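Undergrad: upload.tsv is reproduced in full below (TSV, C-alpha atoms and all ligand atoms).
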chain	number	residue	atom	x	y	z
A	17	MET	CA	15.21	-35.84	-45.46
A	18	ALA	CA	11.44	-35.38	-45.48
A	19	SER	CA	11.89	-31.73	-46.31
A	20	ASP	CA	14.25	-32.63	-49.20
A	21	GLN	CA	11.55	-34.84	-50.59
A	22	GLU	CA	8.94	-32.14	-50.19
A	23	ASP	CA	11.29	-29.79	-51.94
A	24	ASN	CA	11.72	-32.25	-54.85
A	25	GLY	CA	7.95	-32.65	-55.03
A	26	GLN	CA	7.52	-28.88	-55.30
A	27	ARG	CA	10.24	-28.61	-57.94
A	28	VAL	CA	8.75	-31.31	-60.18
A	29	LYS	CA	5.31	-29.71	-59.88
A	30	ARG	CA	6.77	-26.36	-60.94
A	31	LEU	CA	8.20	-28.02	-64.08
A	32	LEU	CA	4.61	-28.55	-65.28
A	33	GLY	CA	4.52	-24.80	-65.92
A	34	LYS	CA	7.43	-24.91	-68.38
A	35	PRO	CA	6.52	-24.51	-72.09
A	36	GLY	CA	5.44	-27.84	-73.59
A	37	ASN	CA	4.85	-29.55	-70.25
A	38	GLY	CA	1.25	-28.32	-69.91
A	39	ASN	CA	0.01	-30.95	-72.38
A	40	CYS	CA	0.56	-34.71	-72.49
A	41	ALA	CA	3.71	-35.48	-74.50
A	42	ASP	CA	1.89	-38.26	-76.37
A	43	CYS	CA	-1.76	-37.32	-76.90
A	44	GLY	CA	-1.84	-33.59	-76.14
A	45	ALA	CA	-4.39	-33.84	-73.30
A	46	ALA	CA	-4.28	-30.76	-71.05
A	47	ASP	CA	-2.72	-30.73	-67.58
A	48	PRO	CA	-0.79	-34.02	-67.41
A	49	GLU	CA	-0.19	-35.25	-63.87
A	50	TRP	CA	2.05	-38.22	-64.59
A	51	ALA	CA	5.64	-38.44	-65.78
A	52	SER	CA	8.08	-40.92	-67.26
A	53	TYR	CA	11.18	-40.31	-65.13
A	54	THR	CA	13.38	-42.37	-67.45
A	55	LEU	CA	12.30	-40.60	-70.68
A	56	GLY	CA	11.76	-37.19	-69.07
A	57	VAL	CA	8.21	-36.53	-70.37
A	58	PHE	CA	5.00	-35.43	-68.68
A	59	VAL	CA	1.98	-37.50	-69.74
A	60	CYS	CA	-1.71	-37.91	-68.93
A	61	LEU	CA	-3.10	-40.75	-66.81
A	62	SER	CA	-4.26	-42.71	-69.85
A	63	CYS	CA	-0.88	-42.52	-71.61
A	64	SER	CA	0.95	-43.31	-68.35
A	65	GLY	CA	-0.88	-46.66	-68.42
A	66	LEU	CA	0.49	-47.30	-71.93
A	67	HIS	CA	4.01	-46.38	-70.80
A	68	ARG	CA	3.72	-49.21	-68.25
A	69	ASN	CA	3.58	-51.59	-71.26
A	70	ILE	CA	7.12	-50.51	-72.19
A	71	ALA	CA	8.47	-50.72	-68.64
A	72	ARG	CA	11.93	-51.66	-69.95
A	73	ILE	CA	12.43	-48.11	-71.24
A	74	SER	CA	9.82	-46.05	-69.45
A	75	LYS	CA	9.08	-45.84	-65.74
A	76	VAL	CA	6.19	-43.67	-64.64
A	77	LYS	CA	5.10	-42.02	-61.43
A	78	SER	CA	2.58	-39.46	-60.30
A	79	VAL	CA	3.78	-35.86	-60.22
A	80	LEU	CA	1.42	-35.03	-57.37
A	81	LEU	CA	1.39	-38.18	-55.22
A	82	ASP	CA	4.68	-40.06	-55.56
A	83	PRO	CA	7.98	-39.22	-53.87
A	84	TRP	CA	10.66	-37.77	-56.19
A	85	SER	CA	14.45	-37.99	-55.82
A	86	ALA	CA	16.70	-35.06	-56.72
A	87	SER	CA	18.21	-36.92	-59.72
A	88	GLU	CA	14.77	-37.76	-61.13
A	89	VAL	CA	13.74	-34.11	-60.90
A	90	GLU	CA	17.03	-33.15	-62.61
A	91	LEU	CA	16.21	-35.45	-65.51
A	92	MET	CA	12.67	-34.07	-65.85
A	93	ASP	CA	14.15	-30.57	-65.84
A	94	SER	CA	16.85	-31.32	-68.41
A	95	VAL	CA	14.50	-33.09	-70.86
A	96	GLY	CA	10.78	-32.10	-70.70
A	97	ASN	CA	8.15	-32.44	-73.42
A	98	ASN	CA	9.59	-30.00	-75.97
A	99	ALA	CA	13.08	-31.50	-75.99
A	100	ALA	CA	11.65	-35.04	-76.06
A	101	LYS	CA	9.46	-34.13	-79.02
A	102	ALA	CA	12.47	-32.76	-80.90
A	103	LYS	CA	14.22	-36.08	-80.34
A	104	TYR	CA	11.52	-38.75	-80.59
A	105	GLU	CA	9.36	-37.03	-83.24
A	106	LYS	CA	12.23	-35.74	-85.34
A	107	ILE	CA	11.00	-37.12	-88.66
A	108	VAL	CA	7.31	-38.01	-88.42
A	109	PRO	CA	6.00	-38.39	-92.01
A	110	ALA	CA	3.31	-35.80	-92.84
A	111	PHE	CA	0.72	-38.52	-93.52
A	112	TYR	CA	1.40	-40.41	-90.27
A	113	TYR	CA	-1.55	-40.30	-87.89
A	114	CYS	CA	-0.58	-38.70	-84.56
A	115	PRO	CA	-3.38	-39.57	-82.10
A	116	THR	CA	-5.15	-37.16	-79.78
A	117	HIS	CA	-6.68	-37.98	-76.39
A	118	LYS	CA	-9.97	-38.73	-78.18
A	119	ASP	CA	-8.51	-41.60	-80.22
A	120	CYS	CA	-8.67	-45.30	-79.43
A	121	MET	CA	-6.14	-46.99	-77.15
A	122	LEU	CA	-4.59	-48.95	-80.03
A	123	LEU	CA	-3.56	-45.80	-81.91
A	124	LYS	CA	-2.16	-44.25	-78.74
A	125	GLU	CA	-0.31	-47.38	-77.70
A	126	GLN	CA	1.30	-47.88	-81.11
A	127	TRP	CA	2.24	-44.19	-81.32
A	128	ILE	CA	4.00	-44.48	-77.95
A	129	ARG	CA	5.74	-47.72	-78.97
A	130	ALA	CA	6.71	-46.25	-82.37
A	131	LYS	CA	8.25	-43.20	-80.71
A	132	TYR	CA	10.12	-44.61	-77.73
A	133	GLU	CA	10.44	-48.35	-78.27
A	134	ARG	CA	10.94	-48.70	-82.05
A	135	LYS	CA	12.32	-45.17	-82.50
A	136	GLU	CA	10.62	-44.99	-85.90
A	137	PHE	CA	10.82	-41.22	-86.14
A	138	GLN	CA	14.56	-40.98	-85.69
A	139	CYS	CA	15.46	-43.19	-88.62
A	140	VAL	CA	13.68	-43.18	-91.97
A	141	GLU	CA	14.42	-46.87	-92.73
A	142	ARG	CA	12.18	-47.90	-89.83
A	143	GLN	CA	9.20	-46.29	-91.61
A	144	GLU	CA	9.37	-48.75	-94.50
A	145	PRO	CA	6.20	-50.73	-93.48
A	146	TYR	CA	3.93	-47.75	-94.25
A	147	SER	CA	5.99	-45.48	-96.50
A	148	ALA	CA	7.21	-47.94	-99.16
A	149	GLY	CA	4.12	-47.43	-101.36
A	150	TYR	CA	3.45	-51.18	-101.44
A	151	ARG	CA	2.23	-53.50	-98.73
A	152	GLU	CA	1.15	-57.11	-98.80
A	153	GLY	CA	-0.12	-59.33	-96.00
A	154	PHE	CA	-2.95	-61.22	-94.39
A	155	LEU	CA	-5.82	-59.72	-92.45
A	156	TRP	CA	-8.89	-61.27	-90.84
A	157	LYS	CA	-11.86	-60.06	-92.86
A	158	ARG	CA	-15.45	-60.31	-91.73
A	159	GLY	CA	-17.60	-62.35	-94.13
A	160	ARG	CA	-20.34	-60.26	-95.69
A	161	ASP	CA	-23.13	-62.75	-95.13
A	162	ASN	CA	-22.20	-64.97	-92.19
A	163	GLY	CA	-20.15	-62.54	-90.11
A	164	GLN	CA	-17.29	-65.02	-89.77
A	165	TYR	CA	-13.74	-63.66	-89.88
A	166	LEU	CA	-11.54	-65.39	-92.48
A	167	SER	CA	-7.89	-64.82	-93.38
A	168	ARG	CA	-7.54	-62.89	-96.65
A	169	LYS	CA	-4.53	-61.63	-98.55
A	170	PHE	CA	-4.50	-57.85	-98.98
A	171	ILE	CA	-2.31	-55.77	-101.30
A	172	LEU	CA	-1.98	-52.00	-101.11
A	173	SER	CA	-0.36	-50.54	-104.22
A	174	GLU	CA	0.24	-46.83	-104.52
A	175	ARG	CA	1.38	-47.22	-108.13
A	176	GLU	CA	-1.87	-48.94	-109.15
A	177	GLY	CA	-3.88	-46.64	-106.85
A	178	VAL	CA	-5.72	-49.55	-105.23
A	179	LEU	CA	-6.20	-51.70	-102.15
A	180	LYS	CA	-7.33	-55.20	-103.12
A	181	TYR	CA	-7.94	-58.50	-101.43
A	182	PHE	CA	-7.93	-62.10	-102.59
A	183	LYS	CA	-10.20	-64.90	-101.50
A	184	LYS	CA	-7.79	-67.76	-102.15
A	185	HIS	CA	-4.16	-67.26	-101.19
A	186	ASP	CA	-2.98	-68.24	-104.68
A	187	ALA	CA	-5.82	-66.52	-106.57
A	188	ARG	CA	-4.86	-64.29	-109.49
A	189	GLU	CA	-7.99	-62.21	-109.59
A	190	PRO	CA	-8.80	-60.09	-106.56
A	191	LYS	CA	-12.20	-60.51	-104.89
A	192	ALA	CA	-12.45	-56.74	-104.58
A	193	THR	CA	-10.47	-53.78	-105.87
A	194	MET	CA	-10.88	-50.59	-103.88
A	195	LYS	CA	-9.71	-47.39	-105.51
A	196	ILE	CA	-7.55	-45.24	-103.29
A	197	ASN	CA	-9.41	-42.06	-104.31
A	198	THR	CA	-12.61	-43.11	-102.45
A	199	LEU	CA	-10.98	-45.09	-99.63
A	200	ASN	CA	-11.45	-44.34	-95.95
A	201	ALA	CA	-10.30	-46.24	-92.86
A	202	THR	CA	-11.29	-45.74	-89.24
A	203	PHE	CA	-10.68	-47.79	-86.11
A	204	GLN	CA	-13.89	-49.21	-84.60
A	205	PRO	CA	-12.96	-51.08	-81.41
A	206	THR	CA	-16.39	-50.76	-79.79
A	207	LYS	CA	-18.53	-51.53	-82.82
A	208	MET	CA	-16.38	-54.50	-83.88
A	209	GLY	CA	-15.63	-55.73	-80.36
A	210	THR	CA	-11.87	-55.90	-80.95
A	211	ALA	CA	-9.18	-53.32	-80.14
A	212	GLN	CA	-7.53	-53.85	-83.56
A	213	GLY	CA	-10.77	-53.59	-85.55
A	214	LEU	CA	-10.55	-51.37	-88.64
A	215	GLN	CA	-13.50	-50.35	-90.82
A	216	ILE	CA	-12.52	-49.70	-94.43
A	217	THR	CA	-14.99	-48.02	-96.76
A	218	TYR	CA	-14.96	-47.24	-100.45
A	219	LEU	CA	-17.47	-46.19	-103.05
A	220	LYS	CA	-18.90	-48.85	-105.32
A	221	ASP	CA	-21.35	-47.51	-107.92
A	222	ASN	CA	-21.73	-44.39	-105.74
A	223	SER	CA	-22.81	-46.48	-102.73
A	224	THR	CA	-20.66	-46.82	-99.64
A	225	ARG	CA	-19.31	-50.37	-99.19
A	226	ASN	CA	-17.96	-51.36	-95.76
A	227	ILE	CA	-15.45	-54.05	-94.99
A	228	PHE	CA	-14.26	-54.94	-91.49
A	229	VAL	CA	-10.77	-56.27	-90.83
A	230	TYR	CA	-8.31	-56.82	-88.00
A	231	HIS	CA	-4.87	-58.22	-87.27
A	232	GLU	CA	-3.95	-59.75	-83.90
A	233	ASP	CA	-0.78	-57.65	-83.88
A	234	GLY	CA	-1.57	-54.02	-83.13
A	235	LYS	CA	1.55	-52.77	-84.92
A	236	GLU	CA	0.54	-54.54	-88.15
A	237	MET	CA	-2.94	-53.02	-88.06
A	238	VAL	CA	-1.69	-49.48	-87.42
A	239	ASP	CA	0.95	-49.94	-90.16
A	240	TRP	CA	-1.86	-50.84	-92.61
A	241	PHE	CA	-3.78	-47.77	-91.48
A	242	ASN	CA	-0.79	-45.48	-92.02
A	243	GLY	CA	-0.01	-47.24	-95.30
A	244	ILE	CA	-3.50	-46.35	-96.53
A	245	ARG	CA	-2.96	-42.75	-95.36
A	246	ALA	CA	0.38	-42.60	-97.20
A	247	ALA	CA	-1.19	-43.90	-100.42
A	248	ARG	CA	-4.04	-41.38	-100.14
A	249	PHE	CA	-1.58	-38.57	-99.44
A	250	HIS	CA	0.42	-39.30	-102.58
A	251	TYR	CA	-2.72	-39.73	-104.64
A	252	LEU	CA	-4.09	-36.34	-103.45
A	253	GLN	CA	-0.76	-34.61	-104.05
A	254	VAL	CA	-0.94	-35.68	-107.69
A	255	ALA	CA	-4.67	-34.95	-108.03
A	256	PHE	CA	-4.43	-31.48	-106.42
A	257	PRO	CA	-0.94	-30.20	-107.25
A	258	GLY	CA	-1.62	-26.68	-105.92
A	259	ALA	CA	-2.99	-27.80	-102.54
A	260	SER	CA	-0.92	-27.28	-99.40
A	261	ILE	CA	-0.03	-30.20	-97.13
A	262	SER	CA	-2.27	-28.83	-94.38
A	263	ASP	CA	-5.22	-28.80	-96.84
A	264	LEU	CA	-4.63	-32.44	-97.75
A	265	LEU	CA	-4.01	-33.97	-94.32
A	266	PRO	CA	-7.64	-33.81	-93.07
A	267	LYS	CA	-8.69	-35.66	-96.25
A	268	LEU	CA	-6.47	-38.74	-95.74
A	269	THR	CA	-8.84	-40.60	-93.40
A	270	ARG	CA	-11.76	-39.39	-91.35
A	271	ASN	CA	-13.68	-40.53	-88.30
A	272	TYR	CA	-17.44	-40.42	-88.39
A	273	ILE	CA	-19.17	-37.34	-87.00
A	274	MET	CA	-21.60	-39.56	-85.09
A	275	GLU	CA	-22.79	-43.17	-84.92
A	276	GLY	CA	-25.53	-44.95	-83.00
A	277	TYR	CA	-29.04	-46.30	-82.91
A	278	MET	CA	-32.17	-44.28	-83.70
A	279	GLU	CA	-35.65	-45.21	-84.81
A	280	LYS	CA	-36.85	-44.14	-88.25
A	281	THR	CA	-40.04	-44.18	-90.25
A	282	GLY	CA	-40.68	-44.16	-94.00
A	283	PRO	CA	-41.48	-41.24	-96.34
A	284	LYS	CA	-45.24	-41.30	-95.65
A	285	HIS	CA	-44.66	-41.22	-91.88
A	286	THR	CA	-47.39	-43.85	-91.48
A	287	GLU	CA	-45.13	-46.92	-91.28
A	288	GLY	CA	-44.12	-48.00	-87.79
A	289	PHE	CA	-40.73	-46.74	-86.59
A	290	LYS	CA	-37.87	-49.24	-86.86
A	291	LYS	CA	-34.63	-49.29	-84.90
A	292	ARG	CA	-31.61	-48.83	-87.19
A	293	TRP	CA	-27.89	-48.13	-86.84
A	294	PHE	CA	-27.00	-44.67	-88.18
A	295	THR	CA	-23.64	-43.34	-89.33
A	296	MET	CA	-23.05	-39.67	-90.10
A	297	ASP	CA	-20.07	-39.55	-92.49
A	298	GLU	CA	-19.42	-36.00	-93.68
A	299	ARG	CA	-22.79	-35.14	-95.34
A	300	ARG	CA	-23.96	-38.72	-95.76
A	301	LEU	CA	-26.38	-40.02	-93.14
A	302	MET	CA	-26.46	-43.77	-93.70
A	303	TYR	CA	-28.53	-46.37	-91.93
A	304	PHE	CA	-28.00	-50.07	-91.48
A	305	LYS	CA	-29.97	-52.95	-90.05
A	306	ASP	CA	-26.81	-54.23	-88.36
A	307	PRO	CA	-23.85	-51.93	-87.46
A	308	LEU	CA	-21.52	-54.27	-89.41
A	309	ASP	CA	-23.56	-54.51	-92.62
A	310	ALA	CA	-21.67	-54.30	-95.92
A	311	TYR	CA	-24.05	-51.76	-97.43
A	312	ALA	CA	-26.32	-49.09	-96.02
A	313	ARG	CA	-30.06	-49.63	-96.46
A	314	GLY	CA	-30.34	-45.98	-97.38
A	315	GLU	CA	-28.45	-42.71	-97.44
A	316	VAL	CA	-29.75	-39.22	-96.82
A	317	PHE	CA	-27.80	-36.24	-98.01
A	318	ILE	CA	-27.62	-33.49	-95.37
A	319	GLY	CA	-27.04	-30.12	-97.02
A	320	SER	CA	-26.51	-26.73	-95.43
A	321	ARG	CA	-28.70	-23.99	-94.00
A	322	GLU	CA	-28.34	-22.02	-97.25
A	323	ASN	CA	-29.92	-24.95	-99.09
A	324	SER	CA	-32.94	-24.96	-96.71
A	325	TYR	CA	-31.86	-27.84	-94.46
A	326	SER	CA	-32.69	-27.58	-90.75
A	327	VAL	CA	-32.96	-29.81	-87.68
A	328	HIS	CA	-35.49	-29.56	-84.83
A	329	PRO	CA	-36.13	-31.48	-81.63
A	330	GLY	CA	-39.44	-33.35	-81.50
A	331	LEU	CA	-41.77	-34.86	-84.08
A	332	PRO	CA	-44.73	-33.30	-85.95
A	333	GLN	CA	-48.06	-33.54	-84.14
A	334	ASN	CA	-50.05	-36.74	-84.72
A	335	THR	CA	-46.90	-38.76	-85.49
A	336	GLN	CA	-47.48	-42.35	-84.42
A	337	GLY	CA	-45.66	-45.66	-84.25
A	338	TYR	CA	-42.49	-44.68	-82.40
A	339	HIS	CA	-41.26	-46.41	-79.23
A	340	TRP	CA	-38.49	-44.08	-78.19
A	341	GLN	CA	-39.59	-40.72	-76.81
A	342	PHE	CA	-36.94	-38.25	-77.97
A	343	GLY	CA	-37.82	-37.18	-81.49
A	344	ILE	CA	-35.78	-35.34	-84.14
A	345	THR	CA	-37.13	-33.81	-87.35
A	346	ILE	CA	-34.83	-32.98	-90.23
A	347	VAL	CA	-36.33	-30.66	-92.81
A	348	THR	CA	-34.86	-30.90	-96.32
A	349	PRO	CA	-36.02	-29.19	-99.54
A	350	ASP	CA	-37.84	-32.42	-100.53
A	351	ARG	CA	-39.37	-33.79	-97.34
A	352	LYS	CA	-39.13	-34.24	-93.60
A	353	PHE	CA	-37.16	-37.08	-92.02
A	354	LEU	CA	-38.33	-38.28	-88.61
A	355	PHE	CA	-36.17	-40.02	-86.02
A	356	ALA	CA	-36.57	-41.07	-82.39
A	357	CYS	CA	-33.78	-41.49	-79.83
A	358	GLU	CA	-33.78	-43.66	-76.72
A	359	THR	CA	-32.44	-40.99	-74.33
A	360	ASP	CA	-32.42	-37.21	-74.21
A	361	GLU	CA	-28.63	-37.40	-74.28
A	362	ASP	CA	-28.67	-39.28	-77.61
A	363	GLN	CA	-31.14	-36.72	-78.91
A	364	LYS	CA	-28.87	-33.85	-77.88
A	365	ASP	CA	-25.78	-35.50	-79.42
A	366	TRP	CA	-27.52	-36.24	-82.72
A	367	ILE	CA	-29.01	-32.75	-82.98
A	368	SER	CA	-25.61	-31.22	-82.34
A	369	ALA	CA	-24.05	-33.53	-84.99
A	370	PHE	CA	-26.71	-32.55	-87.57
A	371	GLN	CA	-26.33	-28.90	-86.61
A	372	THR	CA	-22.58	-29.05	-87.20
A	373	VAL	CA	-23.13	-30.36	-90.73
A	374	ILE	CA	-26.01	-27.99	-91.55
A	375	ASN	CA	-24.11	-24.93	-90.28
A	376	ARG	CA	-21.14	-25.76	-92.51
A	377	PRO	CA	-21.43	-24.10	-95.94
A	378	MET	CA	-21.35	-26.57	-98.84
A	379	GLN	CA	-18.04	-27.08	-100.63
A	380	PRO	CA	-18.24	-27.39	-104.43
A	381	ARG	CA	-16.99	-31.00	-104.29
A	382	GLU	CA	-19.78	-31.94	-101.88
A	383	TYR	CA	-22.40	-31.43	-104.57
A	384	ALA	CA	-20.67	-34.21	-106.46
A	385	GLY	CA	-20.91	-36.45	-103.39
A	386	LYS	CA	-24.67	-36.06	-103.22
A	387	PRO	CA	-26.13	-39.54	-103.54
A	388	ASN	CA	-28.47	-40.30	-106.37
A	389	THR	CA	-31.95	-39.42	-105.11
A	390	ARG	CA	-33.24	-42.77	-106.33
A	391	LYS	CA	-31.07	-44.42	-103.72
A	392	VAL	CA	-32.67	-42.51	-100.88
A	393	ILE	CA	-35.29	-45.08	-100.07
A	394	MET	CA	-36.23	-43.97	-96.58
A	401	ZN	ZN	-1.91	-38.66	-73.08
Give the structure from the file, written as structure tokens.
TA:
Amino acid sequence: MASDQEDNGQRVKRLLGKPGNGNCADCGAADPEWASYTLGVFVCLSCSGLHRNIARISKVKSVLLDPWSASEVELMDSVGNNAAKAKYEKIVPAFYYCPTHKDCMLLKEQWIRAKYERKEFQCVERQEPYSAGYREGFLWKRGRDNGQYLSRKFILSEREGVLKYFKKHDAREPKATMKINTLNATFQPTKMGTAQGLQITYLKDNSTRNIFVYHEDGKEMVDWFNGIRAARFHYLQVAFPGASISDLLPKLTRNYIMEGYMEKTGPKHTEGFKKRWFTMDERRLMYFKDPLDAYARGEVFIGSRENSYSVHPGLPQNTQGYHWQFGITIVTPDRKFLFACETDEDQKDWISAFQTVINRPMQPREYAGKPNTRKVIM
């Protein structure tokens, strides 16, 4: 008996070497060591935890540590990640966001529920909430001035090319109208302190405006997110008729390259350094007094090496007024920007983020995104 079990254990381990089984079936993480023995997929530790939330249809165990019966191994052998993908991801819309292991738990959980519990990608009618081109509902929106979350009606209309929200439920005029062409949405569980927290940004008079929303129901929030992606996808398909789908997909929504606190000083370098929240969004380095501010206090455009931008660790000699010890100097054609980080790790991460942007050659459209120099008030 014991030897049978050992034998089963060896067999299930060998299945990890089959094509498709070397990466988590849900988030793509390498070398999964867990498995759903009812669905027949190999998953990573983090996704196995999310499968436990749908225990009615998915039962998980460790490939390496748990005992396996012959019939369970048979099922793992007959299904496996490739066959499961063909079944459960049969018709995933191109715009739909498929999370990676780096994404937040909410996106991963809803992806797993959408695939196995709601079976959204086996039946096109189930994709209505995000593919209909129109969506209406209530979201909790953070007040710009007092930080209180209030219920607001939102409408996403692909035909009008806008996302708008209304202050009063019966109001005719929207409080804000956000054009789909400048819209971005990114989940911010840590910054907002809620798993379902979504940051939506749009350009207003060439300045980035932030709004922060959430819905208690994770499915609703992820449906809004994918609805925004669908609307952007259709907008971009019309705006760039020659572009391929793979060119458009990275432009639907984007996560920030880097966010966090640094200290900064003003253009003369004689003012004391002040702690500010920084967001690196493509080539825009924005800073805020509070991470959840509606508008940035300032924006710095970060160009490329060819345009004489460079980043260096440390601060120029004789710099004064900083409290944090790990300096960064950004050299631009106009001036030097000085920052200080709290830890050497932060310094390393920020330098590598700036380096990534500076090493990337400028795209023609990025010149258009260059903020008005008047607005750079650092
Ligand atoms: Zn995973």
Undergrad: Write out, as a Markdown table, each residue of chain A that has an atom at most 12 Å from ligand ZN 401 (chain A), together with the closest pair of atoms and their distance in Å to one decimal, counting all atoms listed in the file, rows going by chain and rising number.
TA:
| residue | atom | partner | partner_atom | distance |
| --- | --- | --- | --- | --- |
| A:Asn37 | CA | A:ZN401 | ZN | 11.7 |
| A:Gly38 | CA | A:ZN401 | ZN | 11.3 |
| A:Asn39 | CA | A:ZN401 | ZN | 8.0 |
| A:Cys40 | CA | A:ZN401 | ZN | 4.7 |
| A:Ala41 | CA | A:ZN401 | ZN | 6.6 |
| A:Asp42 | CA | A:ZN401 | ZN | 5.0 |
| A:Cys43 | CA | A:ZN401 | ZN | 4.1 |
| A:Gly44 | CA | A:ZN401 | ZN | 5.9 |
| A:Ala45 | CA | A:ZN401 | ZN | 5.4 |
| A:Ala46 | CA | A:ZN401 | ZN | 8.5 |
| A:Asp47 | CA | A:ZN401 | ZN | 9.7 |
| A:Pro48 | CA | A:ZN401 | ZN | 7.4 |
| A:Glu49 | CA | A:ZN401 | ZN | 10.0 |
| A:Trp50 | CA | A:ZN401 | ZN | 9.4 |
| A:Ala51 | CA | A:ZN401 | ZN | 10.5 |
| A:Ser52 | CA | A:ZN401 | ZN | 11.8 |
| A:Val57 | CA | A:ZN401 | ZN | 10.7 |
| A:Phe58 | CA | A:ZN401 | ZN | 8.8 |
| A:Val59 | CA | A:ZN401 | ZN | 5.3 |
| A:Cys60 | CA | A:ZN401 | ZN | 4.2 |
| A:Leu61 | CA | A:ZN401 | ZN | 6.7 |
| A:Ser62 | CA | A:ZN401 | ZN | 5.7 |
| A:Cys63 | CA | A:ZN401 | ZN | 4.3 |
| A:Ser64 | CA | A:ZN401 | ZN | 7.2 |
| A:Gly65 | CA | A:ZN401 | ZN | 9.3 |
| A:Leu66 | CA | A:ZN401 | ZN | 9.0 |
| A:His67 | CA | A:ZN401 | ZN | 10.0 |
| A:Asn97 | CA | A:ZN401 | ZN | 11.8 |
| A:Cys114 | CA | A:ZN401 | ZN | 11.6 |
| A:Pro115 | CA | A:ZN401 | ZN | 9.2 |
| A:Thr116 | CA | A:ZN401 | ZN | 7.6 |
| A:His117 | CA | A:ZN401 | ZN | 5.8 |
| A:Lys118 | CA | A:ZN401 | ZN | 9.5 |
| A:Asp119 | CA | A:ZN401 | ZN | 10.2 |
| A:Cys120 | CA | A:ZN401 | ZN | 11.4 |
| A:Met121 | CA | A:ZN401 | ZN | 10.2 |
| A:Leu123 | CA | A:ZN401 | ZN | 11.5 |
| A:Lys124 | CA | A:ZN401 | ZN | 8.0 |
| A:Glu125 | CA | A:ZN401 | ZN | 10.0 |
| A:Trp127 | CA | A:ZN401 | ZN | 10.8 |
| A:Ile128 | CA | A:ZN401 | ZN | 9.6 |
Undergrad: Listing only residues of region 218-254 of chain A within 10 Å of region 146-169 of chain A, what is the closest atom pair and its distance in Å (to one decimal) for each, using all atoms listed in the file, sorted by chain and residue number ascending, as JSON lines?
TA:
{"residue": "A:Asn226", "atom": "CA", "partner": "A:Arg160", "partner_atom": "CA", "distance": 9.2}
{"residue": "A:Ile227", "atom": "CA", "partner": "A:Arg158", "partner_atom": "CA", "distance": 7.1}
{"residue": "A:Phe228", "atom": "CA", "partner": "A:Arg158", "partner_atom": "CA", "distance": 5.5}
{"residue": "A:Val229", "atom": "CA", "partner": "A:Lys157", "partner_atom": "CA", "distance": 4.4}
{"residue": "A:Tyr230", "atom": "CA", "partner": "A:Trp156", "partner_atom": "CA", "distance": 5.3}
{"residue": "A:His231", "atom": "CA", "partner": "A:Leu155", "partner_atom": "CA", "distance": 5.5}
{"residue": "A:Glu232", "atom": "CA", "partner": "A:Trp156", "partner_atom": "CA", "distance": 8.7}
{"residue": "A:Glu236", "atom": "CA", "partner": "A:Gly153", "partner_atom": "CA", "distance": 9.2}
{"residue": "A:Met237", "atom": "CA", "partner": "A:Leu155", "partner_atom": "CA", "distance": 8.5}
{"residue": "A:Val238", "atom": "CA", "partner": "A:Tyr146", "partner_atom": "CA", "distance": 9.0}
{"residue": "A:Asp239", "atom": "CA", "partner": "A:Tyr146", "partner_atom": "CA", "distance": 5.5}
{"residue": "A:Trp240", "atom": "CA", "partner": "A:Tyr146", "partner_atom": "CA", "distance": 6.8}
{"residue": "A:Phe241", "atom": "CA", "partner": "A:Tyr146", "partner_atom": "CA", "distance": 8.2}
{"residue": "A:Asn242", "atom": "CA", "partner": "A:Tyr146", "partner_atom": "CA", "distance": 5.7}
{"residue": "A:Gly243", "atom": "CA", "partner": "A:Tyr146", "partner_atom": "CA", "distance": 4.1}
{"residue": "A:Ile244", "atom": "CA", "partner": "A:Tyr146", "partner_atom": "CA", "distance": 7.9}
{"residue": "A:Arg245", "atom": "CA", "partner": "A:Tyr146", "partner_atom": "CA", "distance": 8.6}
{"residue": "A:Ala246", "atom": "CA", "partner": "A:Ser147", "partner_atom": "CA", "distance": 6.3}
{"residue": "A:Ala247", "atom": "CA", "partner": "A:Gly149", "partner_atom": "CA", "distance": 6.4}
{"residue": "A:His250", "atom": "CA", "partner": "A:Gly149", "partner_atom": "CA", "distance": 9.0}
Undergrad: How would the residues just chosen look if you wrote them out with C-alpha atoms as a CSV table (one decimal), in the coordinates of the input?
TA:
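part23.csv written:
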chain,number,residue,atom,x,y,z
A,226,ASN,CA,-18.0,-51.4,-95.8
A,227,ILE,CA,-15.4,-54.0,-95.0
A,228,PHE,CA,-14.3,-54.9,-91.5
A,229,VAL,CA,-10.8,-56.3,-90.8
A,230,TYR,CA,-8.3,-56.8,-88.0
A,231,HIS,CA,-4.9,-58.2,-87.3
A,232,GLU,CA,-4.0,-59.8,-83.9
A,236,GLU,CA,0.5,-54.5,-88.2
A,237,MET,CA,-2.9,-53.0,-88.1
A,238,VAL,CA,-1.7,-49.5,-87.4
A,239,ASP,CA,1.0,-49.9,-90.2
A,240,TRP,CA,-1.9,-50.8,-92.6
A,241,PHE,CA,-3.8,-47.8,-91.5
A,242,ASN,CA,-0.8,-45.5,-92.0
A,243,GLY,CA,0.0,-47.2,-95.3
A,244,ILE,CA,-3.5,-46.4,-96.5
A,245,ARG,CA,-3.0,-42.8,-95.4
A,246,ALA,CA,0.4,-42.6,-97.2
A,247,ALA,CA,-1.2,-43.9,-100.4
A,250,HIS,CA,0.4,-39.3,-102.6
Undergrad: Please list as a list in words every residue within 12 Å of Asp297 (chain A), counting all atoms listed in the file and excluding residues in the same chain fewer than 3 positions away.
TA: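 In the requested format, the answer is Asn200, Ala201, Thr202, Thr217, Thr224, Thr269, Arg270, Asn271, Tyr272, Ile273, Met274, Glu275, Phe294, Arg300, Leu301, Met302, Tyr303, Ala312, Glu315, Val316, Phe317, Ile318, Ala369, Phe370, Val373 and Gly385 of chain A.
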